[in-house]
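Dropping start_20.txt in here (compact mmCIF, N, CA and C atoms):
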```txt
# COMPACT_ATOMS: atom_id res chain seq x y z
N MET A 31 0.84 -1.17 0.00
CA MET A 31 0.00 0.00 0.00
C MET A 31 0.89 1.24 0.00
N ARG A 32 0.53 2.21 -0.84
CA ARG A 32 1.28 3.47 -0.92
C ARG A 32 0.45 4.56 -0.27
N VAL A 33 1.10 5.32 0.61
CA VAL A 33 0.42 6.35 1.40
C VAL A 33 1.18 7.66 1.26
N LEU A 34 0.42 8.75 1.07
CA LEU A 34 0.99 10.08 1.10
C LEU A 34 0.45 10.79 2.34
N ILE A 35 1.35 11.35 3.13
CA ILE A 35 0.97 12.15 4.29
C ILE A 35 1.18 13.61 3.93
N VAL A 36 0.12 14.41 4.03
CA VAL A 36 0.19 15.84 3.76
C VAL A 36 0.05 16.56 5.10
N GLU A 37 1.19 16.95 5.64
CA GLU A 37 1.26 17.54 6.99
C GLU A 37 2.41 18.53 7.03
N ALA A 38 2.13 19.74 7.49
CA ALA A 38 3.14 20.80 7.53
C ALA A 38 4.26 20.54 8.53
N SER A 39 3.96 19.82 9.59
CA SER A 39 4.97 19.54 10.62
C SER A 39 5.76 18.29 10.26
N PRO A 40 7.05 18.44 9.90
CA PRO A 40 7.85 17.27 9.56
C PRO A 40 7.94 16.25 10.71
N GLY A 41 7.99 16.74 11.94
CA GLY A 41 8.08 15.83 13.08
C GLY A 41 6.85 14.95 13.21
N LEU A 42 5.68 15.56 13.09
CA LEU A 42 4.43 14.80 13.18
C LEU A 42 4.29 13.85 12.00
N ALA A 43 4.62 14.33 10.81
CA ALA A 43 4.57 13.46 9.63
C ALA A 43 5.49 12.26 9.80
N HIS A 44 6.65 12.47 10.40
CA HIS A 44 7.59 11.37 10.63
C HIS A 44 7.01 10.34 11.61
N VAL A 45 6.37 10.81 12.65
CA VAL A 45 5.76 9.87 13.63
C VAL A 45 4.71 9.03 12.93
N TRP A 46 3.82 9.67 12.17
CA TRP A 46 2.78 8.92 11.45
C TRP A 46 3.41 7.97 10.44
N SER A 47 4.40 8.47 9.72
CA SER A 47 5.06 7.67 8.70
C SER A 47 5.71 6.42 9.28
N SER A 48 6.37 6.56 10.42
CA SER A 48 7.06 5.41 11.00
C SER A 48 6.06 4.33 11.42
N HIS A 49 4.91 4.71 11.92
CA HIS A 49 3.90 3.72 12.29
C HIS A 49 3.33 3.02 11.06
N LEU A 50 3.10 3.78 10.01
CA LEU A 50 2.60 3.18 8.78
C LEU A 50 3.64 2.27 8.13
N SER A 51 4.88 2.68 8.15
CA SER A 51 5.96 1.87 7.58
C SER A 51 6.09 0.53 8.30
N ARG A 52 5.92 0.54 9.61
CA ARG A 52 5.98 -0.70 10.38
C ARG A 52 4.87 -1.66 9.98
N GLN A 53 3.78 -1.14 9.43
CA GLN A 53 2.70 -2.00 8.96
C GLN A 53 2.88 -2.40 7.50
N GLY A 54 4.00 -2.01 6.91
CA GLY A 54 4.31 -2.42 5.55
C GLY A 54 3.97 -1.42 4.46
N ALA A 55 3.49 -0.25 4.84
CA ALA A 55 3.15 0.77 3.85
C ALA A 55 4.41 1.45 3.32
N VAL A 56 4.35 1.86 2.07
CA VAL A 56 5.38 2.70 1.47
C VAL A 56 4.86 4.12 1.60
N VAL A 57 5.57 4.95 2.36
CA VAL A 57 5.06 6.26 2.74
C VAL A 57 5.91 7.39 2.16
N SER A 58 5.22 8.39 1.63
CA SER A 58 5.84 9.65 1.20
C SER A 58 5.20 10.75 2.02
N CYS A 59 5.92 11.85 2.19
CA CYS A 59 5.40 12.98 2.95
C CYS A 59 5.52 14.25 2.12
N ALA A 60 4.53 15.13 2.27
CA ALA A 60 4.56 16.45 1.65
C ALA A 60 4.29 17.47 2.74
N HIS A 61 5.13 18.49 2.81
CA HIS A 61 5.02 19.49 3.88
C HIS A 61 4.53 20.85 3.38
N SER A 62 4.20 20.93 2.09
CA SER A 62 3.63 22.16 1.53
C SER A 62 2.67 21.77 0.43
N GLY A 63 1.84 22.73 0.03
CA GLY A 63 0.91 22.47 -1.05
C GLY A 63 1.63 22.14 -2.35
N ALA A 64 2.72 22.85 -2.62
CA ALA A 64 3.50 22.59 -3.84
C ALA A 64 4.09 21.19 -3.81
N ASP A 65 4.63 20.78 -2.65
CA ASP A 65 5.16 19.42 -2.52
C ASP A 65 4.07 18.39 -2.76
N ALA A 66 2.89 18.64 -2.20
CA ALA A 66 1.78 17.69 -2.33
C ALA A 66 1.37 17.52 -3.79
N THR A 67 1.18 18.62 -4.50
CA THR A 67 0.73 18.51 -5.89
C THR A 67 1.81 17.86 -6.77
N THR A 68 3.06 18.21 -6.54
CA THR A 68 4.14 17.59 -7.31
C THR A 68 4.18 16.08 -7.04
N THR A 69 4.11 15.71 -5.79
CA THR A 69 4.16 14.29 -5.42
C THR A 69 2.97 13.53 -5.99
N LEU A 70 1.79 14.15 -5.94
CA LEU A 70 0.60 13.50 -6.50
C LEU A 70 0.67 13.38 -8.02
N ASN A 71 1.30 14.33 -8.67
CA ASN A 71 1.46 14.25 -10.12
C ASN A 71 2.44 13.17 -10.55
N GLU A 72 3.40 12.85 -9.70
CA GLU A 72 4.47 11.94 -10.07
C GLU A 72 4.30 10.51 -9.54
N ASN A 73 3.33 10.28 -8.66
CA ASN A 73 3.19 8.98 -8.01
C ASN A 73 1.74 8.57 -7.87
N HIS A 74 1.54 7.29 -7.64
CA HIS A 74 0.21 6.76 -7.34
C HIS A 74 0.14 6.46 -5.85
N PHE A 75 -0.98 6.75 -5.24
CA PHE A 75 -1.19 6.45 -3.82
C PHE A 75 -2.54 5.80 -3.62
N ASP A 76 -2.59 4.88 -2.67
CA ASP A 76 -3.85 4.23 -2.31
C ASP A 76 -4.61 5.07 -1.29
N VAL A 77 -3.86 5.71 -0.38
CA VAL A 77 -4.45 6.52 0.69
C VAL A 77 -3.64 7.80 0.82
N VAL A 78 -4.36 8.91 1.04
CA VAL A 78 -3.72 10.18 1.31
C VAL A 78 -4.24 10.67 2.65
N VAL A 79 -3.32 10.92 3.58
CA VAL A 79 -3.67 11.44 4.90
C VAL A 79 -3.43 12.94 4.86
N ILE A 80 -4.48 13.72 5.18
CA ILE A 80 -4.39 15.17 5.08
C ILE A 80 -4.86 15.81 6.37
N ASN A 81 -4.05 16.71 6.88
CA ASN A 81 -4.46 17.52 8.02
C ASN A 81 -5.40 18.61 7.50
N THR A 82 -6.62 18.67 8.04
CA THR A 82 -7.59 19.67 7.56
C THR A 82 -7.09 21.09 7.77
N ASP A 83 -6.21 21.29 8.75
CA ASP A 83 -5.68 22.62 9.03
C ASP A 83 -4.44 22.94 8.19
N PHE A 84 -4.09 22.07 7.27
CA PHE A 84 -2.90 22.22 6.44
C PHE A 84 -2.94 23.56 5.71
N GLU A 85 -1.87 24.32 5.87
CA GLU A 85 -1.72 25.63 5.22
C GLU A 85 -3.00 26.46 5.32
N ASP A 86 -3.47 26.62 6.54
CA ASP A 86 -4.65 27.45 6.81
C ASP A 86 -5.89 27.00 6.05
N GLY A 87 -6.15 25.72 6.08
CA GLY A 87 -7.38 25.20 5.49
C GLY A 87 -7.27 24.70 4.07
N LYS A 88 -6.07 24.63 3.52
CA LYS A 88 -5.92 24.17 2.14
C LYS A 88 -5.99 22.65 2.02
N GLY A 89 -6.23 21.98 3.13
CA GLY A 89 -6.36 20.53 3.09
C GLY A 89 -7.49 20.08 2.17
N LEU A 90 -8.59 20.82 2.18
CA LEU A 90 -9.71 20.47 1.29
C LEU A 90 -9.34 20.66 -0.18
N ALA A 91 -8.55 21.67 -0.48
CA ALA A 91 -8.10 21.87 -1.86
C ALA A 91 -7.20 20.71 -2.30
N ILE A 92 -6.35 20.25 -1.41
CA ILE A 92 -5.50 19.10 -1.73
C ILE A 92 -6.38 17.87 -1.96
N ALA A 93 -7.41 17.68 -1.14
CA ALA A 93 -8.32 16.55 -1.32
C ALA A 93 -9.02 16.62 -2.68
N ASP A 94 -9.40 17.82 -3.10
CA ASP A 94 -10.00 17.98 -4.43
C ASP A 94 -9.01 17.59 -5.52
N PHE A 95 -7.75 17.97 -5.35
CA PHE A 95 -6.73 17.60 -6.33
C PHE A 95 -6.53 16.09 -6.36
N VAL A 96 -6.56 15.46 -5.19
CA VAL A 96 -6.46 14.00 -5.12
C VAL A 96 -7.60 13.38 -5.91
N ALA A 97 -8.83 13.89 -5.73
CA ALA A 97 -10.00 13.35 -6.43
C ALA A 97 -9.82 13.46 -7.94
N PHE A 98 -9.22 14.55 -8.40
CA PHE A 98 -8.98 14.75 -9.83
C PHE A 98 -7.86 13.85 -10.33
N ARG A 99 -6.75 13.83 -9.62
CA ARG A 99 -5.54 13.13 -10.07
C ARG A 99 -5.61 11.62 -9.82
N LEU A 100 -6.15 11.22 -8.67
CA LEU A 100 -6.20 9.81 -8.27
C LEU A 100 -7.61 9.49 -7.76
N PRO A 101 -8.58 9.35 -8.65
CA PRO A 101 -9.97 9.20 -8.23
C PRO A 101 -10.24 7.98 -7.35
N ASP A 102 -9.39 6.97 -7.40
CA ASP A 102 -9.61 5.78 -6.57
C ASP A 102 -8.92 5.87 -5.21
N ALA A 103 -8.11 6.89 -5.00
CA ALA A 103 -7.41 7.03 -3.72
C ALA A 103 -8.41 7.43 -2.64
N ARG A 104 -8.18 6.91 -1.46
CA ARG A 104 -9.02 7.24 -0.32
C ARG A 104 -8.32 8.30 0.53
N VAL A 105 -9.09 9.26 1.01
CA VAL A 105 -8.53 10.33 1.81
C VAL A 105 -8.96 10.13 3.27
N VAL A 106 -7.97 10.19 4.14
CA VAL A 106 -8.22 10.16 5.59
C VAL A 106 -7.81 11.53 6.11
N PHE A 107 -8.78 12.23 6.68
CA PHE A 107 -8.51 13.55 7.24
C PHE A 107 -8.18 13.43 8.72
N VAL A 108 -7.25 14.27 9.15
CA VAL A 108 -6.92 14.43 10.56
C VAL A 108 -7.24 15.87 10.90
N THR A 109 -7.98 16.08 11.99
CA THR A 109 -8.36 17.45 12.34
C THR A 109 -8.21 17.72 13.82
N GLY A 110 -7.74 18.91 14.10
CA GLY A 110 -7.64 19.37 15.49
C GLY A 110 -8.80 20.29 15.82
N SER A 111 -9.69 20.47 14.88
CA SER A 111 -10.81 21.40 15.03
C SER A 111 -12.09 20.63 15.32
N SER A 112 -13.00 21.26 16.01
CA SER A 112 -14.31 20.64 16.23
C SER A 112 -15.26 20.95 15.08
N PHE A 113 -14.79 21.74 14.11
CA PHE A 113 -15.64 22.17 13.00
C PHE A 113 -16.24 21.00 12.24
N PHE A 114 -15.45 19.94 12.02
CA PHE A 114 -15.93 18.79 11.25
C PHE A 114 -16.43 17.66 12.14
N SER A 115 -16.60 17.92 13.43
CA SER A 115 -17.01 16.85 14.35
C SER A 115 -18.42 16.35 14.06
N ASP A 116 -19.19 17.10 13.29
CA ASP A 116 -20.54 16.68 12.93
C ASP A 116 -20.57 15.79 11.69
N GLY A 117 -19.39 15.48 11.14
CA GLY A 117 -19.32 14.63 9.96
C GLY A 117 -19.46 15.39 8.65
N SER A 118 -19.51 16.71 8.69
CA SER A 118 -19.71 17.49 7.48
C SER A 118 -18.54 17.39 6.49
N ILE A 119 -17.40 16.89 6.93
CA ILE A 119 -16.27 16.72 6.02
C ILE A 119 -16.66 15.83 4.83
N PHE A 120 -17.57 14.90 5.08
CA PHE A 120 -18.00 13.99 4.02
C PHE A 120 -18.88 14.70 2.99
N ASN A 121 -19.43 15.85 3.34
CA ASN A 121 -20.18 16.67 2.39
C ASN A 121 -19.25 17.56 1.57
N HIS A 122 -18.08 17.86 2.12
CA HIS A 122 -17.14 18.77 1.46
C HIS A 122 -16.11 18.05 0.60
N ALA A 123 -15.86 16.80 0.90
CA ALA A 123 -14.85 16.05 0.14
C ALA A 123 -15.42 14.67 -0.20
N ALA A 124 -15.74 14.47 -1.46
CA ALA A 124 -16.37 13.22 -1.89
C ALA A 124 -15.47 12.01 -1.68
N ASN A 125 -14.16 12.23 -1.65
CA ASN A 125 -13.23 11.12 -1.49
C ASN A 125 -12.81 10.90 -0.03
N ALA A 126 -13.46 11.61 0.90
CA ALA A 126 -13.17 11.41 2.33
C ALA A 126 -13.72 10.06 2.77
N HIS A 127 -12.87 9.27 3.38
CA HIS A 127 -13.30 7.96 3.87
C HIS A 127 -13.23 7.88 5.39
N ALA A 128 -12.51 8.81 6.01
CA ALA A 128 -12.44 8.85 7.47
C ALA A 128 -11.99 10.23 7.90
N CYS A 129 -12.38 10.59 9.10
CA CYS A 129 -11.93 11.84 9.71
C CYS A 129 -11.67 11.53 11.18
N VAL A 130 -10.42 11.67 11.57
CA VAL A 130 -10.05 11.35 12.94
C VAL A 130 -9.50 12.59 13.64
N SER A 131 -9.61 12.59 14.93
CA SER A 131 -9.13 13.70 15.74
C SER A 131 -7.61 13.73 15.74
N ALA A 132 -7.06 14.93 15.83
CA ALA A 132 -5.60 15.09 15.86
C ALA A 132 -4.98 14.42 17.08
N ASP A 133 -5.76 14.17 18.11
CA ASP A 133 -5.20 13.50 19.29
C ASP A 133 -5.33 11.98 19.21
N THR A 134 -5.73 11.47 18.06
CA THR A 134 -5.75 10.03 17.84
C THR A 134 -4.32 9.51 17.89
N SER A 135 -4.13 8.38 18.54
CA SER A 135 -2.77 7.84 18.64
C SER A 135 -2.25 7.46 17.25
N PRO A 136 -0.94 7.56 17.04
CA PRO A 136 -0.37 7.17 15.75
C PRO A 136 -0.69 5.72 15.38
N GLU A 137 -0.76 4.85 16.38
CA GLU A 137 -1.10 3.45 16.12
C GLU A 137 -2.52 3.33 15.57
N ASP A 138 -3.45 4.07 16.17
CA ASP A 138 -4.84 4.02 15.70
C ASP A 138 -4.98 4.64 14.32
N LEU A 139 -4.26 5.73 14.07
CA LEU A 139 -4.29 6.33 12.74
C LEU A 139 -3.77 5.33 11.71
N ALA A 140 -2.69 4.65 12.03
CA ALA A 140 -2.13 3.66 11.11
C ALA A 140 -3.13 2.54 10.83
N THR A 141 -3.89 2.15 11.84
CA THR A 141 -4.90 1.11 11.67
C THR A 141 -6.02 1.59 10.74
N VAL A 142 -6.46 2.83 10.92
CA VAL A 142 -7.50 3.40 10.05
C VAL A 142 -7.00 3.47 8.61
N VAL A 143 -5.79 3.94 8.42
CA VAL A 143 -5.21 4.05 7.07
C VAL A 143 -5.08 2.67 6.45
N ASP A 144 -4.60 1.70 7.21
CA ASP A 144 -4.45 0.34 6.71
C ASP A 144 -5.80 -0.23 6.28
N PHE A 145 -6.82 -0.03 7.10
CA PHE A 145 -8.16 -0.52 6.77
C PHE A 145 -8.64 0.07 5.45
N HIS A 146 -8.54 1.36 5.29
CA HIS A 146 -9.03 2.01 4.08
C HIS A 146 -8.17 1.68 2.86
N GLY A 147 -6.88 1.51 3.06
CA GLY A 147 -6.02 1.09 1.97
C GLY A 147 -6.37 -0.30 1.46
N ARG A 148 -6.62 -1.19 2.37
CA ARG A 148 -7.01 -2.56 1.97
C ARG A 148 -8.40 -2.59 1.34
N ALA A 149 -9.33 -1.82 1.91
CA ALA A 149 -10.69 -1.78 1.39
C ALA A 149 -10.72 -1.21 -0.03
N GLY A 150 -9.85 -0.25 -0.30
CA GLY A 150 -9.80 0.35 -1.62
C GLY A 150 -9.27 -0.58 -2.69
N ARG A 151 -8.49 -1.57 -2.28
CA ARG A 151 -7.91 -2.50 -3.25
C ARG A 151 -8.75 -3.76 -3.39
N ALA A 152 -9.78 -3.91 -2.57
CA ALA A 152 -10.61 -5.14 -2.59
C ALA A 152 -11.57 -5.13 -3.75
```
Structure re-expressed in structure tokens:
Amino acid sequence: MRVLIVEASPGLAHVWSSHLSRQGAVVSCAHSGADATTTLNENHFDVVVINTDFEDGKGLAIADFVAFRLPDARVVFVTGSSFFSDGSIFNHAANAHACVSADTSPEDLATVVDFHGRAGRA
């Protein structure tokens, strides 16, 4: 399974990446919008993990680009905001398959990503 993590904090992206790698995923990270679009143009991913707060809310724009570039990829959003706690993220991003709280443990995030990556290939 190939996973792209779109997260501005390299440290946090590394923590998530290491947990996913231990589960056998091939992980790439993008720390800016330009990095994300370049990486998405050059590679295929099964799952894209996006922080909704990425670059002041540009996470949804990245999800739209994922839908255009990789329509079969599943997007897992991570959010530190209560704004999407009502599930409205699924109305804003057609390719959203999960939305987890930013305080979700890296192990649990890796499990969610693994589940959606496998489900997408079934």
>> Excluding region 73-90 of chain A and its own-chain neighbours fewer than 5 positions away, which residues fall within 6 Å of it when counting all atoms listed in the file? Please give them as an MDAnalysis selection string.
In response: chainID A and resid 31:38 102:109 147
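Atom C of Pro101 (chain A) lies 24.6 Å from CA of His49 (chain A).
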> So how many Å separate CA of Arg52 (chain A) and CA of His146 (chain A), to one decimal?
Replying inline: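 Result for CA of Arg52 (chain A) versus CA of His146 (chain A): 16.5 Å, one decimal.
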> If you measure from CA of Val45 (chain A) to CA of Ala66 (chain A), what distance in Å do you get, rounded to one decimal?
Replying inline: 18.2 Å
>> When DSSP is applied to the backbone of this structure, which of chain A are assigned strand (DSSP E)? Write them out as a list in words.
In response: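 Those residues are Arg32, Val33, Leu34, Ile35, Val36, Val56, Val57, Ser58, Cys59, Ala60, Val77, Val78, Val79, Ile80, Asn81, Arg104, Val105, Val106, Phe107, Val108, Thr109, Ala126, His127, Ala128, Cys129, Val130 and Ser131 of chain A.
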May I have the centre and edge lengths, in Å to one decimal, of an axis-aligned box around the listed atoms of region 61-64 of chain A with 4 Å added to every side, as lines of an AutoDock Vina configuration file?
```
center_x = 3.0
center_y = 20.7
center_z = 0.0
size_x = 12.2
size_y = 12.4
size_z = 15.7
```
>> Can you tell me, as an NGL selection string, which residues in chain A count as alpha helix (DSSP H) by DSSP?
In response: :A and (40-52 or 63-72 or 89-99 or 119-122 or 136-151)
> A:Asp144, A:Ala149, A:Ile92, A:Pro136: which is nearest Thr67 (chain A), counting only C-alpha atoms?
Replying inline: A:Ile92
> Leaving out Ala124 (chain A) and any residue of its chain fewer than 6 positions from it, which residues lie within 9 Å of it when counting only C-alpha atoms, given as an NGL selection string?
Replying inline: :A and (93-94 or 97)
